Amino acid sequence: STVSSGVGAADGDEDQRRPPVQLQLPSLGCDYQTLEPPALRGALGLGARTGILISRLHHDGSDGTAAPAMLPGDVLMEFNGHGLDELGFCELLGRRLHFAAARDLCLVGEKVPVRVWRDGEELELEHTLHPARYLVPRGQFDVRPRFFICGGLVFQPL
């Protein structure tokens with residue numbers, strides 16, 4: 001008799017294994033950069049305000065999803081009630097963490113309040129978080145990757 005440890009299948013039932021869980025993480029749907037250089041903050045007219053610069057959007061709402069509230073050139077100063085410094089860090093859970101940690105505490109599809117600096121004025125907006133879409137799939141714990149590396153070559157199904 002074969003004993004199963006609960007991992008995989010026993011007695012040749014490998015085709016009936018459960019499919020891997022597809023984890024969806026929330027994303028702002030944009031690229032951003034830090035605002036460390038005082039000259040850059042000065043050019044944006046921020047004064048003593050801090051935040052990160054939204055440099056590019058990943059979608060524009062034309063695919064049927066909600067149109068993004070933020071635009072390229074906006075400075076994200078606050079995310080979901082957490083004020084950001086010029087590196088994108090905020091106070092969260094009693095620690096100084098990157099705002100991505102606050103984003104990861106939210107759900108895909110959730111609408112979060114954001115405060116941005118746009119064209120010389122502060123705006124309070126509501127931004128919808130979309131699922132993250134990566135060009136290269138992210139690794140997941142206890143899930144085999146769909147590629148194999150041998151001698152510097154990467155083999156993957158087409």
# chains A, B, ... in the order shown; residues from 1 in each chain; ligands from 1

$ residues_around --residues "A:Gly73" --least-positions-apart "6" --cutoff "8 Å" --atoms "only C-alpha atoms" --output "mmCIF file with N, CA, C and O atoms, in the first residue's frame"
data_model
loop_
_atom_site.group_PDB
_atom_site.id
_atom_site.type_symbol
_atom_site.label_atom_id
_atom_site.label_comp_id
_atom_site.auth_asym_id
_atom_site.auth_seq_id
_atom_site.Cartn_x
_atom_site.Cartn_y
_atom_site.Cartn_z
ATOM 1 N N LEU A 53 6.795 60.464 -8.059
ATOM 2 C CA LEU A 53 6.311 60.922 -9.356
ATOM 3 C C LEU A 53 5.758 59.756 -10.162
ATOM 4 O O LEU A 53 6.450 58.749 -10.360
ATOM 5 N N ILE A 54 4.532 59.873 -10.638
ATOM 6 C CA ILE A 54 3.940 58.866 -11.525
ATOM 7 C C ILE A 54 4.505 59.127 -12.919
ATOM 8 O O ILE A 54 4.277 60.181 -13.500
ATOM 9 N N SER A 55 5.262 58.162 -13.446
ATOM 10 C CA SER A 55 5.945 58.397 -14.717
ATOM 11 C C SER A 55 5.243 57.759 -15.922
ATOM 12 O O SER A 55 5.369 58.254 -17.038
ATOM 13 N N ARG A 118 -1.124 67.872 -8.796
ATOM 14 C CA ARG A 118 -1.277 67.954 -10.245
ATOM 15 C C ARG A 118 -1.445 69.410 -10.654
ATOM 16 O O ARG A 118 -2.328 70.104 -10.146
#

$ atom_distance --atom1 "atom CA of A:Gly51" --atom2 "atom CA of A:Glu36"
9.4 Å

$ residues_around --residues "A:Pro26" --least-positions-apart "2" --cutoff "8 Å" --atoms "only C-alpha atoms" --output "PyMOL selection string"
chain A and resi 24+28+103-104+106-109+129-132

$ residues_around --residues "A:Ala101" --least-positions-apart "6" --cutoff "12 Å" --atoms "only C-alpha atoms" --output "list in words"
Leu25, Pro26, Ser27, Phe79, Asn80, His82, Gly88, Phe89, Cys90, Glu91, Leu92, Leu93 and Arg95 of chain A

$ write_last_selection --atoms "N, CA, C and O atoms" --output "PDB file, in the first residue's frame"
ATOM      1  N   LEU A  25      -2.301  39.932  -6.898  1.00  0.00           N
ATOM      2  CA  LEU A  25      -1.868  41.020  -6.034  1.00  0.00           C
ATOM      3  C   LEU A  25      -2.346  42.340  -6.613  1.00  0.00           C
ATOM      4  O   LEU A  25      -2.387  42.508  -7.828  1.00  0.00           O
ATOM      5  N   PRO A  26      -2.696  43.290  -5.753  1.00  0.00           N
ATOM      6  CA  PRO A  26      -3.142  44.593  -6.254  1.00  0.00           C
ATOM      7  C   PRO A  26      -1.981  45.407  -6.811  1.00  0.00           C
ATOM      8  O   PRO A  26      -0.839  45.272  -6.378  1.00  0.00           O
ATOM      9  N   SER A  27      -2.295  46.232  -7.789  1.00  0.00           N
ATOM     10  CA  SER A  27      -1.288  47.085  -8.423  1.00  0.00           C
ATOM     11  C   SER A  27      -1.881  48.467  -8.648  1.00  0.00           C
ATOM     12  O   SER A  27      -3.071  48.612  -8.909  1.00  0.00           O
ATOM     13  N   PHE A  79      -1.303  57.655   0.036  1.00  0.00           N
ATOM     14  CA  PHE A  79      -1.983  56.455  -0.447  1.00  0.00           C
ATOM     15  C   PHE A  79      -2.767  55.835   0.695  1.00  0.00           C
ATOM     16  O   PHE A  79      -2.181  55.465   1.717  1.00  0.00           O
ATOM     17  N   ASN A  80      -4.072  55.757   0.540  1.00  0.00           N
ATOM     18  CA  ASN A  80      -4.948  55.109   1.525  1.00  0.00           C
ATOM     19  C   ASN A  80      -4.708  55.634   2.944  1.00  0.00           C
ATOM     20  O   ASN A  80      -4.660  54.868   3.907  1.00  0.00           O
ATOM     21  N   HIS A  82      -1.973  57.071   4.104  1.00  0.00           N
ATOM     22  CA  HIS A  82      -0.568  57.038   4.510  1.00  0.00           C
ATOM     23  C   HIS A  82       0.217  58.059   3.686  1.00  0.00           C
ATOM     24  O   HIS A  82       0.313  57.927   2.466  1.00  0.00           O
ATOM     25  N   GLY A  88       8.959  57.134  -1.255  1.00  0.00           N
ATOM     26  CA  GLY A  88       7.796  56.261  -1.315  1.00  0.00           C
ATOM     27  C   GLY A  88       7.543  55.494  -0.033  1.00  0.00           C
ATOM     28  O   GLY A  88       6.737  54.572  -0.007  1.00  0.00           O
ATOM     29  N   PHE A  89       8.217  55.868   1.049  1.00  0.00           N
ATOM     30  CA  PHE A  89       8.025  55.192   2.331  1.00  0.00           C
ATOM     31  C   PHE A  89       6.955  55.915   3.146  1.00  0.00           C
ATOM     32  O   PHE A  89       6.728  57.117   2.974  1.00  0.00           O
ATOM     33  N   CYS A  90       6.314  55.153   4.058  1.00  0.00           N
ATOM     34  CA  CYS A  90       5.270  55.711   4.918  1.00  0.00           C
ATOM     35  C   CYS A  90       5.288  54.985   6.257  1.00  0.00           C
ATOM     36  O   CYS A  90       5.964  53.972   6.421  1.00  0.00           O
ATOM     37  N   GLU A  91       4.552  55.515   7.212  1.00  0.00           N
ATOM     38  CA  GLU A  91       4.393  54.859   8.512  1.00  0.00           C
ATOM     39  C   GLU A  91       3.277  53.833   8.382  1.00  0.00           C
ATOM     40  O   GLU A  91       2.153  54.166   8.002  1.00  0.00           O
ATOM     41  N   LEU A  92       3.595  52.573   8.686  1.00  0.00           N
ATOM     42  CA  LEU A  92       2.622  51.506   8.581  1.00  0.00           C
ATOM     43  C   LEU A  92       2.935  50.452   9.626  1.00  0.00           C
ATOM     44  O   LEU A  92       4.077  50.014   9.728  1.00  0.00           O
ATOM     45  N   LEU A  93       1.946  50.084  10.413  1.00  0.00           N
ATOM     46  CA  LEU A  93       2.099  49.061  11.445  1.00  0.00           C
ATOM     47  C   LEU A  93       3.236  49.391  12.410  1.00  0.00           C
ATOM     48  O   LEU A  93       3.972  48.506  12.856  1.00  0.00           O
ATOM     49  N   ARG A  95       5.965  50.939  11.782  1.00  0.00           N
ATOM     50  CA  ARG A  95       7.274  50.882  11.135  1.00  0.00           C
ATOM     51  C   ARG A  95       7.304  51.813   9.927  1.00  0.00           C
ATOM     52  O   ARG A  95       6.267  52.223   9.411  1.00  0.00           O
TER      53      ARG A  95
END

$ residues_around --residues "A:Asp85" --least-positions-apart "5" --cutoff "10 Å" --atoms "only C-alpha atoms" --output "ChimeraX atom specification"
/A:34-36,49-52,76-78,90-91,98-99

$ write_last_selection --atoms "N, CA, C and O atoms" --output "mmCIF file, in the first residue's frame"
data_model
loop_
_atom_site.group_PDB
_atom_site.id
_atom_site.type_symbol
_atom_site.label_atom_id
_atom_site.label_comp_id
_atom_site.auth_asym_id
_atom_site.auth_seq_id
_atom_site.Cartn_x
_atom_site.Cartn_y
_atom_site.Cartn_z
ATOM 1 N N THR A 34 11.294 58.025 -7.538
ATOM 2 C CA THR A 34 11.467 58.804 -6.315
ATOM 3 C C THR A 34 11.699 60.271 -6.660
ATOM 4 O O THR A 34 12.063 60.614 -7.786
ATOM 5 N N LEU A 35 11.495 61.120 -5.686
ATOM 6 C CA LEU A 35 11.700 62.562 -5.870
ATOM 7 C C LEU A 35 12.776 63.065 -4.912
ATOM 8 O O LEU A 35 12.588 64.060 -4.214
ATOM 9 N N GLU A 36 13.907 62.370 -4.878
ATOM 10 C CA GLU A 36 15.020 62.786 -4.015
ATOM 11 C C GLU A 36 15.636 64.110 -4.426
ATOM 12 O O GLU A 36 15.890 64.942 -3.572
ATOM 13 N N ARG A 49 6.270 69.755 0.191
ATOM 14 C CA ARG A 49 5.500 68.518 0.035
ATOM 15 C C ARG A 49 6.413 67.386 -0.424
ATOM 16 O O ARG A 49 7.409 67.614 -1.082
ATOM 17 N N THR A 50 6.019 66.153 -0.099
ATOM 18 C CA THR A 50 6.805 64.987 -0.511
ATOM 19 C C THR A 50 5.895 63.973 -1.193
ATOM 20 O O THR A 50 4.679 64.006 -1.036
ATOM 21 N N GLY A 51 6.495 63.069 -1.937
ATOM 22 C CA GLY A 51 5.751 62.025 -2.632
ATOM 23 C C GLY A 51 6.609 61.411 -3.715
ATOM 24 O O GLY A 51 7.824 61.636 -3.777
ATOM 25 N N ILE A 52 5.996 60.628 -4.571
ATOM 26 C CA ILE A 52 6.694 59.988 -5.683
ATOM 27 C C ILE A 52 6.016 60.379 -6.988
ATOM 28 O O ILE A 52 4.805 60.606 -7.034
ATOM 29 N N LEU A 76 2.249 61.379 -6.319
ATOM 30 C CA LEU A 76 1.456 60.667 -5.327
ATOM 31 C C LEU A 76 1.988 61.026 -3.951
ATOM 32 O O LEU A 76 3.100 60.665 -3.598
ATOM 33 N N MET A 77 1.193 61.774 -3.182
ATOM 34 C CA MET A 77 1.630 62.247 -1.870
ATOM 35 C C MET A 77 1.057 61.419 -0.729
ATOM 36 O O MET A 77 1.642 61.360 0.343
ATOM 37 N N GLU A 78 -0.091 60.800 -0.962
ATOM 38 C CA GLU A 78 -0.729 60.008 0.082
ATOM 39 C C GLU A 78 -1.470 58.846 -0.557
ATOM 40 O O GLU A 78 -2.155 59.012 -1.570
ATOM 41 N N CYS A 90 6.314 55.153 4.058
ATOM 42 C CA CYS A 90 5.270 55.711 4.918
ATOM 43 C C CYS A 90 5.288 54.985 6.257
ATOM 44 O O CYS A 90 5.964 53.972 6.421
ATOM 45 N N GLU A 91 4.552 55.515 7.212
ATOM 46 C CA GLU A 91 4.393 54.859 8.512
ATOM 47 C C GLU A 91 3.277 53.833 8.382
ATOM 48 O O GLU A 91 2.153 54.166 8.002
ATOM 49 N N HIS A 98 7.839 50.728 2.788
ATOM 50 C CA HIS A 98 7.494 51.246 1.464
ATOM 51 C C HIS A 98 5.983 51.150 1.294
ATOM 52 O O HIS A 98 5.355 50.210 1.786
ATOM 53 N N PHE A 99 5.400 52.104 0.580
ATOM 54 C CA PHE A 99 3.945 52.128 0.465
ATOM 55 C C PHE A 99 3.409 50.883 -0.235
ATOM 56 O O PHE A 99 2.216 50.578 -0.140
#

$ atom_distance --atom1 "atom CA of A:Gly81" --atom2 "atom CA of A:Ala39"
27.1 Å

$ atom_distance --atom1 "atom CA of A:Arg133" --atom2 "atom CA of A:His59"
10.7 Å

$ residues_around --residues "stretch 68-71 of chain A" --least-positions-apart "3" --cutoff "8 Å" --atoms "only C-alpha atoms" --output "PyMOL selection string"
chain A and resi 29+54+56-57+59-61+74+116+125-128

$ residues_around --residues "A:Phe147" --least-positions-apart "2" --cutoff "8 Å" --atoms "only C-alpha atoms" --output "PyMOL selection string"
chain A and resi 145+149+154-157

$ write_last_selection --atoms "all heavy atoms" --output "PDB file, in the first residue's frame"
ATOM      1  N   PRO A 145       8.034  26.106 -11.299  1.00  0.00           N
ATOM      2  CA  PRO A 145       8.006  27.059 -12.414  1.00  0.00           C
ATOM      3  C   PRO A 145       7.806  26.307 -13.733  1.00  0.00           C
ATOM      4  O   PRO A 145       8.076  25.113 -13.827  1.00  0.00           O
ATOM      5  CB  PRO A 145       9.388  27.720 -12.349  1.00  0.00           C
ATOM      6  CG  PRO A 145      10.251  26.724 -11.652  1.00  0.00           C
ATOM      7  CD  PRO A 145       9.365  25.976 -10.709  1.00  0.00           C
ATOM      8  N   ILE A 149      16.231  25.638 -16.212  1.00  0.00           N
ATOM      9  CA  ILE A 149      17.501  26.277 -16.567  1.00  0.00           C
ATOM     10  C   ILE A 149      18.601  25.235 -16.476  1.00  0.00           C
ATOM     11  O   ILE A 149      18.752  24.561 -15.462  1.00  0.00           O
ATOM     12  CB  ILE A 149      17.804  27.460 -15.629  1.00  0.00           C
ATOM     13  CG1 ILE A 149      16.688  28.502 -15.705  1.00  0.00           C
ATOM     14  CG2 ILE A 149      19.163  28.079 -15.986  1.00  0.00           C
ATOM     15  CD1 ILE A 149      16.834  29.640 -14.728  1.00  0.00           C
ATOM     16  N   VAL A 154      17.560  28.592 -20.912  1.00  0.00           N
ATOM     17  CA  VAL A 154      16.239  28.535 -20.296  1.00  0.00           C
ATOM     18  C   VAL A 154      15.316  27.790 -21.255  1.00  0.00           C
ATOM     19  O   VAL A 154      15.136  28.190 -22.397  1.00  0.00           O
ATOM     20  CB  VAL A 154      15.674  29.936 -20.004  1.00  0.00           C
ATOM     21  CG1 VAL A 154      14.293  29.850 -19.392  1.00  0.00           C
ATOM     22  CG2 VAL A 154      16.614  30.706 -19.088  1.00  0.00           C
ATOM     23  N   PHE A 155      14.749  26.691 -20.781  1.00  0.00           N
ATOM     24  CA  PHE A 155      13.796  25.907 -21.565  1.00  0.00           C
ATOM     25  C   PHE A 155      12.410  26.129 -20.997  1.00  0.00           C
ATOM     26  O   PHE A 155      12.208  26.038 -19.795  1.00  0.00           O
ATOM     27  CB  PHE A 155      14.148  24.412 -21.479  1.00  0.00           C
ATOM     28  CG  PHE A 155      15.502  24.096 -22.057  1.00  0.00           C
ATOM     29  CD1 PHE A 155      16.634  24.112 -21.243  1.00  0.00           C
ATOM     30  CD2 PHE A 155      15.650  23.803 -23.395  1.00  0.00           C
ATOM     31  CE1 PHE A 155      17.879  23.826 -21.757  1.00  0.00           C
ATOM     32  CE2 PHE A 155      16.896  23.508 -23.915  1.00  0.00           C
ATOM     33  CZ  PHE A 155      18.008  23.526 -23.098  1.00  0.00           C
ATOM     34  N   GLN A 156      11.439  26.420 -21.889  1.00  0.00           N
ATOM     35  CA  GLN A 156      10.077  26.655 -21.448  1.00  0.00           C
ATOM     36  C   GLN A 156       9.111  26.189 -22.526  1.00  0.00           C
ATOM     37  O   GLN A 156       9.466  26.129 -23.707  1.00  0.00           O
ATOM     38  CB  GLN A 156       9.849  28.131 -21.142  1.00  0.00           C
ATOM     39  CG  GLN A 156       9.943  29.032 -22.359  1.00  0.00           C
ATOM     40  CD  GLN A 156       9.694  30.480 -21.990  1.00  0.00           C
ATOM     41  OE1 GLN A 156       9.672  30.845 -20.841  1.00  0.00           O
ATOM     42  NE2 GLN A 156       9.497  31.304 -22.998  1.00  0.00           N
ATOM     43  N   PRO A 157       7.888  25.849 -22.148  1.00  0.00           N
ATOM     44  CA  PRO A 157       6.902  25.435 -23.169  1.00  0.00           C
ATOM     45  C   PRO A 157       6.500  26.626 -24.025  1.00  0.00           C
ATOM     46  O   PRO A 157       6.451  27.760 -23.545  1.00  0.00           O
ATOM     47  CB  PRO A 157       5.725  24.917 -22.349  1.00  0.00           C
ATOM     48  CG  PRO A 157       5.881  25.526 -20.993  1.00  0.00           C
ATOM     49  CD  PRO A 157       7.336  25.785 -20.806  1.00  0.00           C
TER      50      PRO A 157
END

$ closest_residue --among "A:Pro72, A:Pro38, A:Gly152, A:Pro19" --to "A:Asp119" --atoms "only C-alpha atoms"
A:Pro72

$ closest_residue --among "A:Gly45, A:Glu124, A:Gln33, A:Gly151" --to "A:Leu87" --atoms "only C-alpha atoms"
A:Gln33

$ closest_residue --among "A:Ala48, A:His58, A:Gly42, A:Glu122" --to "A:Cys30" --atoms "only C-alpha atoms"
A:His58

$ select_by_dssp --residues "stretch 68-126 of chain A" --states "alpha helix (DSSP H)" --output "list in words"
Phe99, Ala100, Ala101, Ala102, Arg103 and Asp104 of chain A
